[in-house]
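The file input_17.cif contains mmCIF, C-alpha atoms:
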data_protein
#
loop_
_atom_site.label_atom_id
_atom_site.label_comp_id
_atom_site.auth_asym_id
_atom_site.auth_seq_id
_atom_site.Cartn_x
_atom_site.Cartn_y
_atom_site.Cartn_z
CA MET A 20 17.50 10.70 3.50
CA SER A 21 17.85 14.04 5.27
CA GLU A 22 15.49 15.10 8.05
CA ALA A 23 14.16 17.83 5.76
CA ASP A 24 13.41 15.30 2.97
CA LYS A 25 11.68 12.98 5.43
CA GLY A 26 9.65 15.86 6.84
CA ASN A 27 8.52 16.96 3.37
CA ALA A 28 7.61 13.39 2.38
CA ASP A 29 5.61 12.81 5.57
CA ALA A 30 3.86 16.18 5.18
CA ALA A 31 2.95 15.40 1.55
CA ARG A 32 1.53 11.98 2.41
CA CYS A 33 -0.43 13.31 5.39
CA PHE A 34 -1.79 16.13 3.24
CA VAL A 35 -3.14 13.64 0.69
CA ARG A 36 -4.59 11.44 3.47
CA GLY A 37 -6.78 14.37 4.45
CA GLN A 38 -8.39 14.59 1.00
CA HIS A 39 -10.63 12.13 -0.84
CA SER A 40 -10.94 13.51 -4.36
CA GLY A 41 -8.67 15.05 -6.95
CA VAL A 42 -8.21 15.65 -10.65
CA LEU A 43 -6.83 12.69 -12.60
CA SER A 44 -4.88 13.41 -15.77
CA THR A 45 -4.40 10.61 -18.29
CA ILE A 46 -2.87 10.52 -21.77
CA SER A 47 -5.71 10.65 -24.27
CA LYS A 48 -6.14 7.73 -26.62
CA ARG A 49 -8.91 9.43 -28.59
CA ILE A 50 -6.98 12.71 -29.09
CA GLU A 51 -3.51 11.25 -29.27
CA GLY A 52 -0.88 12.72 -26.98
CA PHE A 53 -3.09 15.29 -25.28
CA PRO A 54 -3.77 15.26 -21.52
CA PHE A 55 -7.28 14.37 -20.42
CA GLY A 56 -8.52 15.54 -17.01
CA SER A 57 -11.34 14.03 -14.96
CA VAL A 58 -12.64 14.18 -11.42
CA ALA A 59 -11.44 11.20 -9.37
CA PRO A 60 -12.59 10.21 -5.88
CA PHE A 61 -9.86 8.13 -4.23
CA VAL A 62 -8.57 6.63 -1.02
CA LEU A 63 -4.98 6.06 0.01
CA ASP A 64 -3.95 2.53 0.87
CA HIS A 65 -1.85 2.06 3.99
CA THR A 66 1.42 2.62 2.11
CA GLY A 67 0.25 5.95 0.66
CA CYS A 68 -0.71 4.93 -2.89
CA PRO A 69 -3.93 6.49 -4.22
CA VAL A 70 -6.58 3.97 -5.25
CA ILE A 71 -9.39 4.93 -7.65
CA LEU A 72 -12.59 3.09 -8.59
CA ILE A 73 -13.28 3.47 -12.31
CA SER A 74 -15.42 1.92 -15.04
CA THR A 75 -14.19 0.20 -18.19
CA LEU A 76 -16.59 2.50 -20.06
CA ALA A 77 -14.92 5.68 -18.82
CA GLU A 78 -12.62 7.66 -21.06
CA HIS A 79 -9.88 7.81 -18.46
CA THR A 80 -9.94 4.02 -18.01
CA LYS A 81 -9.48 3.49 -21.74
CA ASN A 82 -6.60 5.93 -21.62
CA ILE A 83 -4.98 4.14 -18.68
CA ASP A 84 -5.30 0.74 -20.31
CA ALA A 85 -3.48 2.13 -23.36
CA ASP A 86 -0.86 4.06 -21.34
CA PRO A 87 -0.73 3.76 -17.53
CA ARG A 88 1.15 7.02 -16.97
CA VAL A 89 -1.03 9.42 -14.97
CA SER A 90 -0.95 12.27 -12.52
CA LEU A 91 -3.36 13.03 -9.70
CA ILE A 92 -3.52 16.53 -8.27
CA VAL A 93 -5.02 16.86 -4.82
CA GLN A 94 -6.02 20.29 -3.56
CA PRO A 95 -8.89 21.41 -1.33
CA TYR A 96 -10.82 24.50 -2.36
CA SER A 97 -9.41 27.81 -1.17
CA PRO A 98 -10.34 31.43 -1.97
CA ASP A 99 -6.73 31.79 -3.21
CA MET A 100 -5.83 28.52 -4.92
CA GLN A 101 -2.36 29.76 -5.88
CA VAL A 102 -1.14 29.91 -2.28
CA ALA A 103 -3.05 26.89 -0.95
CA GLY A 104 -1.26 23.58 -0.35
CA ARG A 105 -1.45 20.86 -2.98
CA VAL A 106 0.16 17.59 -3.99
CA THR A 107 0.57 16.09 -7.45
CA VAL A 108 1.24 12.35 -7.53
CA ILE A 109 2.89 11.32 -10.82
CA GLY A 110 2.91 7.60 -11.42
CA ARG A 111 1.49 4.55 -13.14
CA ALA A 112 -2.07 3.33 -12.63
CA LEU A 113 -2.20 -0.45 -12.30
CA HIS A 114 -5.37 -2.53 -12.36
CA LEU A 115 -6.17 -4.47 -9.17
CA PRO A 116 -8.02 -7.68 -10.07
CA ASP A 117 -9.32 -8.18 -6.50
CA LYS A 118 -11.93 -5.60 -5.44
CA SER A 119 -12.54 -7.17 -2.03
CA ALA A 120 -9.22 -6.28 -0.42
CA LEU A 121 -9.84 -2.53 -0.48
CA GLY A 122 -13.60 -2.51 -0.98
CA ALA A 123 -14.65 -1.99 2.62
CA ARG A 124 -12.08 0.77 3.21
CA TYR A 125 -13.10 2.59 0.04
CA LEU A 126 -16.84 2.39 0.74
CA ARG A 127 -16.49 3.63 4.31
CA LEU A 128 -15.03 6.84 2.92
CA HIS A 129 -17.19 6.90 -0.22
CA PRO A 130 -20.52 5.26 0.73
CA GLU A 131 -22.17 6.93 -2.28
CA ALA A 132 -20.08 4.62 -4.52
CA GLU A 133 -21.74 1.42 -3.28
CA THR A 134 -23.83 1.02 -6.46
CA TYR A 135 -20.78 1.53 -8.68
CA PHE A 136 -18.71 -0.88 -6.62
CA ALA A 137 -21.30 -3.61 -7.15
CA MET A 138 -21.17 -3.27 -10.94
CA HIS A 139 -18.94 -5.73 -12.76
CA ASP A 140 -17.39 -3.07 -15.00
CA PHE A 141 -15.94 -1.05 -12.09
CA SER A 142 -12.47 -1.92 -10.84
CA PHE A 143 -9.80 -0.52 -8.58
CA TYR A 144 -6.62 0.97 -10.02
CA ARG A 145 -3.70 1.80 -7.75
CA ILE A 146 -1.45 4.71 -8.68
CA GLU A 147 2.13 3.73 -7.90
CA PRO A 148 4.13 6.96 -7.55
CA VAL A 149 7.16 7.74 -9.68
CA ARG A 150 7.57 11.22 -8.19
CA ILE A 151 5.54 13.56 -6.02
CA ARG A 152 5.31 17.36 -6.23
CA PHE A 153 4.45 18.94 -2.88
CA ILE A 154 3.55 22.59 -2.51
CA GLY A 155 2.95 23.33 1.14
CA GLY A 156 2.09 26.98 0.54
CA PHE A 157 3.67 30.00 -1.11
CA GLY A 158 7.38 29.37 -1.61
CA LYS A 159 7.27 25.89 -0.03
CA ILE A 160 7.88 23.77 -3.12
CA HIS A 161 9.46 20.31 -3.02
CA TRP A 162 9.96 17.21 -5.15
CA VAL A 163 9.51 14.04 -3.12
CA GLU A 164 10.77 10.61 -4.13
CA PRO A 165 8.60 7.47 -3.76
CA GLU A 166 11.02 5.81 -1.35
CA GLN A 167 10.65 8.85 0.92
CA TYR A 168 6.88 9.09 0.56
CA LEU A 169 5.69 5.48 0.73
CA LEU A 170 5.38 3.48 3.95
CA PRO A 171 6.08 -0.27 4.21
CA VAL A 172 3.12 -2.62 4.54
CA SER A 173 2.47 -3.26 8.23
CA ALA A 174 0.26 -5.45 10.42
CA LEU A 175 -2.21 -2.57 10.69
CA VAL A 176 -3.64 -3.45 7.26
CA ASP A 177 -5.16 -6.69 8.56
CA GLN A 178 -6.06 -5.20 11.95
CA GLU A 179 -7.98 -2.16 10.69
CA GLU A 180 -11.45 -3.74 10.67
CA ASP A 181 -11.10 -5.05 14.25
CA ILE A 182 -9.88 -1.68 15.51
CA LEU A 183 -12.86 0.08 13.93
CA GLN A 184 -15.32 -2.39 15.40
CA HIS A 185 -13.78 -2.02 18.86
CA MET A 186 -13.71 1.79 18.80
CA ASN A 187 -17.25 2.09 17.43
CA SER A 188 -18.64 -0.43 19.92
CA ASP A 189 -16.82 0.59 23.10
CA HIS A 190 -15.40 4.10 22.75
CA VAL A 191 -17.95 6.33 21.04
CA GLU A 192 -17.64 8.97 23.76
CA ASN A 193 -13.89 9.11 23.14
CA LEU A 194 -14.55 9.62 19.44
CA LYS A 195 -16.81 12.58 20.23
CA ALA A 196 -14.15 13.95 22.58
CA TYR A 197 -11.56 13.71 19.78
CA CYS A 198 -13.83 15.83 17.58
CA ARG A 199 -14.16 18.46 20.29
CA HIS A 200 -10.48 18.52 21.22
CA VAL A 201 -8.89 18.49 17.76
CA HIS A 202 -11.47 20.17 15.54
CA GLY A 203 -13.62 22.11 17.98
CA PHE A 204 -16.63 20.24 16.65
CA GLU A 205 -19.45 19.14 18.92
CA SER A 206 -20.84 15.98 17.31
CA SER A 207 -23.99 14.12 18.24
CA GLN A 208 -22.76 10.98 16.46
CA ALA A 209 -19.24 9.82 15.60
CA SER A 210 -17.83 6.63 14.12
CA MET A 211 -14.32 5.66 13.06
CA ILE A 212 -14.33 4.80 9.36
CA GLY A 213 -10.63 4.27 8.71
CA ILE A 214 -7.28 3.97 10.44
CA ASP A 215 -3.85 3.94 8.82
CA PRO A 216 -0.25 4.45 9.95
CA ASP A 217 -0.55 8.26 9.80
CA GLY A 218 -3.88 8.70 11.59
CA PHE A 219 -7.59 7.98 11.36
CA ASP A 220 -10.85 9.27 9.92
CA LEU A 221 -14.12 9.82 11.74
CA ARG A 222 -17.56 10.42 10.32
CA ALA A 223 -18.93 13.02 12.70
CA ASP A 224 -22.59 13.73 11.96
CA ALA A 225 -22.53 14.65 8.24
CA GLN A 226 -18.81 15.32 7.78
CA VAL A 227 -15.55 13.39 7.66
CA LEU A 228 -12.81 14.61 10.00
CA ARG A 229 -9.14 13.65 9.78
CA PHE A 230 -6.89 13.07 12.81
CA GLU A 231 -3.12 12.65 12.57
CA PHE A 232 -0.87 10.65 14.87
CA ALA A 233 2.26 12.32 16.23
CA GLN A 234 4.27 9.36 14.90
CA PRO A 235 3.30 6.64 12.39
CA VAL A 236 1.89 3.47 13.97
CA ASN A 237 2.51 -0.02 12.63
CA ASP A 238 0.13 -2.28 14.52
CA ALA A 239 -2.90 -2.40 16.80
CA GLN A 240 -0.84 -2.02 19.97
CA GLN A 241 0.84 1.17 18.74
CA ALA A 242 -2.52 2.46 17.51
CA ARG A 243 -4.04 1.78 20.92
CA GLN A 244 -1.28 3.75 22.65
CA ALA A 245 -1.78 6.70 20.30
CA LEU A 246 -5.57 6.64 20.79
CA VAL A 247 -5.25 6.44 24.58
CA GLN A 248 -2.88 9.44 24.56
CA LEU A 249 -5.37 11.40 22.47
CA ALA A 250 -8.20 10.43 24.82
CA GLN A 251 -6.19 11.63 27.81
CA ALA A 252 -5.37 14.91 26.08
CA SER A 253 -9.04 15.36 25.16
CA LYS A 254 -10.14 14.89 28.78
CA ALA A 255 -7.42 17.23 30.10
CA THR A 256 -8.65 20.15 27.99
CA ARG A 257 -12.38 19.84 28.77
#

Could the structure of this file be written out as structure tokens, please?
Amino acid sequence: MSEADKGNADAARCFVRGQHSGVLSTISKRIEGFPFGSVAPFVLDHTGCPVILISTLAEHTKNIDADPRVSLIVQPYSPDMQVAGRVTVIGRALHLPDKSALGARYLRLHPEAETYFAMHDFSFYRIEPVRIRFIGGFGKIHWVEPEQYLLPVSALVDQEEDILQHMNSDHVENLKAYCRHVHGFESSQASMIGIDPDGFDLRADAQVLRFEFAQPVNDAQQARQALVQLAQASKATR
């Protein structure tokens, strides 16, 4: 893998980490062969695969169960959508029989989905990428392969909950300082709601803010080092 390929893959994955909803396209079962688009809240798992929570009653779920090939386009709103960055993940949506493994992570980012999550007919589906289309802006167009885009499973998966508890119990002032330093946002309340190899998410007052690490982290010790460095940088620029 060239440095340019790795850079594009990392940029694509980090771009998607910063978003939490997209447009899911499935292959229609009702109108055979035609694409069917629907709004899809999602989270990325630690490797970079999008995970969606969908009902067996939904049209897109019926489509997926008949043909798992899907695409998910992720793009924040912009006054000029043609030049804004976007990522399309093309892959296969696979049913996850266990809701508990990703439930807490999903609900921290999508607390409004708690009622849906509790219903027996809602399940998680993970989109396993076959290829990724990354447009970083006008003229910056790249195809990214899954082996470039996906990260290996690391110890951080099992350590995430403990890290969140520690940061939210003992380092709330640091979290507020991160908001000020990185986003220029003065928050009255801040809590860490997710951490992954590429960075972390904070709920600051009424909004979710994304923070990226300079380098991917694989465990709690590496995450601690990255968070301490950010805290030091935040204090230095006060």

List as a PDB file with C-alpha atoms, keeping the file's coordinate frame the protein and nucleic acid residues near Ala223 in chain A, meaning an atom at most 7 Å away when all atoms listed in the file are counted, but skip any in the same chain fewer than 6 places from it.
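Saved as out.pdb:
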ATOM      1  CA  SER A 206     -20.840  15.980  17.310  1.00  0.00           C
ATOM      2  CA  GLN A 208     -22.760  10.980  16.460  1.00  0.00           C
ATOM      3  CA  ALA A 209     -19.240   9.820  15.600  1.00  0.00           C
ATOM      4  CA  SER A 210     -17.830   6.630  14.120  1.00  0.00           C
TER       5      SER A 210
END

Write out as a list in words which residues come within 10 Å of Ala31 in chain A when counting all atoms listed in the file, dropping same-chain ones fewer than 6 positions away.
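Non-adjacent residues within range: Lys25, Gly67, Gly104, Arg105, Val106, Thr107, Val108, Ile151, Arg152, Phe153, Ile154, Gly155, His161, Trp162, Val163 and Tyr168 of chain A.
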
Could you tell me, as an mmCIF file with C-alpha atoms, keeping the file's coordinate frame, which residues have any atom at most 10 Å from (-7.7, 15.1, -8.9), counting all atoms listed in the file?
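As written to disk, out02.cif reads:
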data_model
loop_
_atom_site.group_PDB
_atom_site.id
_atom_site.type_symbol
_atom_site.label_atom_id
_atom_site.label_comp_id
_atom_site.auth_asym_id
_atom_site.auth_seq_id
_atom_site.Cartn_x
_atom_site.Cartn_y
_atom_site.Cartn_z
ATOM 1 C CA GLN A 38 -8.390 14.590 1.000
ATOM 2 C CA HIS A 39 -10.630 12.130 -0.840
ATOM 3 C CA SER A 40 -10.940 13.510 -4.360
ATOM 4 C CA GLY A 41 -8.670 15.050 -6.950
ATOM 5 C CA VAL A 42 -8.210 15.650 -10.650
ATOM 6 C CA LEU A 43 -6.830 12.690 -12.600
ATOM 7 C CA SER A 44 -4.880 13.410 -15.770
ATOM 8 C CA GLY A 56 -8.520 15.540 -17.010
ATOM 9 C CA SER A 57 -11.340 14.030 -14.960
ATOM 10 C CA VAL A 58 -12.640 14.180 -11.420
ATOM 11 C CA ALA A 59 -11.440 11.200 -9.370
ATOM 12 C CA PRO A 60 -12.590 10.210 -5.880
ATOM 13 C CA PHE A 61 -9.860 8.130 -4.230
ATOM 14 C CA SER A 90 -0.950 12.270 -12.520
ATOM 15 C CA LEU A 91 -3.360 13.030 -9.700
ATOM 16 C CA ILE A 92 -3.520 16.530 -8.270
ATOM 17 C CA VAL A 93 -5.020 16.860 -4.820
ATOM 18 C CA GLN A 94 -6.020 20.290 -3.560
ATOM 19 C CA PRO A 95 -8.890 21.410 -1.330
ATOM 20 C CA VAL A 106 0.160 17.590 -3.990
ATOM 21 C CA THR A 107 0.570 16.090 -7.450
ATOM 22 C CA VAL A 108 1.240 12.350 -7.530
#

Please evaluate the PyMOL selection byres ((chain A and resi 64) around 9) against the structure above and give the resulting residues as an mmCIF file with C-alpha atoms, in the frame of the given file.
data_model
loop_
_atom_site.group_PDB
_atom_site.id
_atom_site.type_symbol
_atom_site.label_atom_id
_atom_site.label_comp_id
_atom_site.auth_asym_id
_atom_site.auth_seq_id
_atom_site.Cartn_x
_atom_site.Cartn_y
_atom_site.Cartn_z
ATOM 1 C CA VAL A 62 -8.570 6.630 -1.020
ATOM 2 C CA LEU A 63 -4.980 6.060 0.010
ATOM 3 C CA HIS A 65 -1.850 2.060 3.990
ATOM 4 C CA THR A 66 1.420 2.620 2.110
ATOM 5 C CA GLY A 67 0.250 5.950 0.660
ATOM 6 C CA CYS A 68 -0.710 4.930 -2.890
ATOM 7 C CA PRO A 69 -3.930 6.490 -4.220
ATOM 8 C CA VAL A 70 -6.580 3.970 -5.250
ATOM 9 C CA LEU A 121 -9.840 -2.530 -0.480
ATOM 10 C CA ARG A 124 -12.080 0.770 3.210
ATOM 11 C CA ARG A 145 -3.700 1.800 -7.750
ATOM 12 C CA VAL A 176 -3.640 -3.450 7.260
ATOM 13 C CA ASP A 215 -3.850 3.940 8.820
#

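A straight line drawn from CA of Glu164 in chain A to CA of Gln178 in chain A is 28.1 Å long.
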
Just the residues within 10 Å of Asp177 in chain A, please, counting all atoms listed in the file, with nothing from its chain fewer than 5 positions along; format it as a compact mmCIF listing (two decimals) with C-alpha atoms, keeping the file's coordinate frame.
# COMPACT_ATOMS: atom_id res chain seq x y z
CA ALA A 120 -9.22 -6.28 -0.42
CA ILE A 182 -9.88 -1.68 15.51
CA ASP A 238 0.13 -2.28 14.52
CA ALA A 239 -2.90 -2.40 16.80

What do you get, as a list in words, if you spell out every residue that the PyMOL selection byres ((chain A and resi 54) around 12) selects here?
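Output of the PyMOL selection byres ((chain A and resi 54) around 12): Val42, Leu43, Ser44, Thr45, Ile46, Ser47, Lys48, Arg49, Ile50, Glu51, Gly52, Phe53, Phe55, Gly56, Ser57, Glu78, His79, Asn82, Ile83, Asp86, Arg88, Val89 and Ser90 of chain A.
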
Which residue is closest to Asn193 in chain A? Choose from A:Leu175, A:Ala252, A:Met138, A:Ala242 and count all atoms listed in the file.
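Looking only at the distances to Asn193 in chain A, the closest residue turns out to be A:Ala252.
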
Evaluate the PyMOL selection byres ((chain A and resi 231) around 6) against this structure - the residues, as a PyMOL selection string, please.
chain A and resi 217-218+230+232

Just C-alpha atoms for this one: save the residues we selected as a PDB file, in the coordinates of the input.
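Everything below was put into result_31.pdb:
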ATOM      1  CA  ASP A 217      -0.550   8.260   9.800  1.00  0.00           C
ATOM      2  CA  GLY A 218      -3.880   8.700  11.590  1.00  0.00           C
ATOM      3  CA  PHE A 230      -6.890  13.070  12.810  1.00  0.00           C
ATOM      4  CA  PHE A 232      -0.870  10.650  14.870  1.00  0.00           C
TER       5      PHE A 232
END

Hey, which of A:Phe204, A:Phe219, A:Phe34, A:Tyr144 ends up closest to Gly122 in chain A? Count all atoms listed in the file.
A:Tyr144

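Shortest atom-to-atom contact with Asn27 in chain A among A:Leu183, A:Ile160, A:Ala103, A:Val236: A:Ile160, counting only C-alpha atoms.
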
Taking all atoms listed in the file into account, name the residue in A:Glu192, A:Asp140, A:Glu147, A:Glu133 that is nearest to Leu76 in chain A.
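Checking each candidate against Leu76 in chain A, we get A:Asp140 as the closest.
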
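Going from CA of Ala23 in chain A over to CA of Gln167 in chain A, you cover 10.8 Å.
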
Top pick for closest residue to Ala174 in chain A, considering A:Gln241, A:Ala77, A:Ala28, A:Gly156 and counting all atoms listed in the file
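Going through A:Gln241, A:Ala77, A:Ala28, A:Gly156 one by one, the smallest distance to Ala174 in chain A is for A:Gln241.
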
CA of Val35 in chain A and CA of Asp220 in chain A, how far apart in Å?
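CA of Val35 in chain A lies at a distance of 12.8 Å from CA of Asp220 in chain A.
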
The residues within 10 Å of (-5.7, 9.9, 21.9), using all atoms listed in the file and the coordinates of the file, should be reported as a PDB file with C-alpha atoms, keeping the file's coordinate frame; which are they?
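Full text of selection.pdb as output:
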ATOM      1  CA  ASN A 193     -13.890   9.110  23.140  1.00  0.00           C
ATOM      2  CA  LEU A 194     -14.550   9.620  19.440  1.00  0.00           C
ATOM      3  CA  ALA A 196     -14.150  13.950  22.580  1.00  0.00           C
ATOM      4  CA  TYR A 197     -11.560  13.710  19.780  1.00  0.00           C
ATOM      5  CA  HIS A 200     -10.480  18.520  21.220  1.00  0.00           C
ATOM      6  CA  PHE A 230      -6.890  13.070  12.810  1.00  0.00           C
ATOM      7  CA  PHE A 232      -0.870  10.650  14.870  1.00  0.00           C
ATOM      8  CA  ALA A 242      -2.520   2.460  17.510  1.00  0.00           C
ATOM      9  CA  ARG A 243      -4.040   1.780  20.920  1.00  0.00           C
ATOM     10  CA  GLN A 244      -1.280   3.750  22.650  1.00  0.00           C
ATOM     11  CA  ALA A 245      -1.780   6.700  20.300  1.00  0.00           C
ATOM     12  CA  LEU A 246      -5.570   6.640  20.790  1.00  0.00           C
ATOM     13  CA  VAL A 247      -5.250   6.440  24.580  1.00  0.00           C
ATOM     14  CA  GLN A 248      -2.880   9.440  24.560  1.00  0.00           C
ATOM     15  CA  LEU A 249      -5.370  11.400  22.470  1.00  0.00           C
ATOM     16  CA  ALA A 250      -8.200  10.430  24.820  1.00  0.00           C
ATOM     17  CA  GLN A 251      -6.190  11.630  27.810  1.00  0.00           C
ATOM     18  CA  ALA A 252      -5.370  14.910  26.080  1.00  0.00           C
ATOM     19  CA  SER A 253      -9.040  15.360  25.160  1.00  0.00           C
ATOM     20  CA  LYS A 254     -10.140  14.890  28.780  1.00  0.00           C
TER      21      LYS A 254
END

Identify which of the residues A:Leu72, A:Leu113, A:Val227, A:Cys198 lies closest to Ala137 in chain A, counting all atoms listed in the file when measuring atom-to-atom distances.
A:Leu72
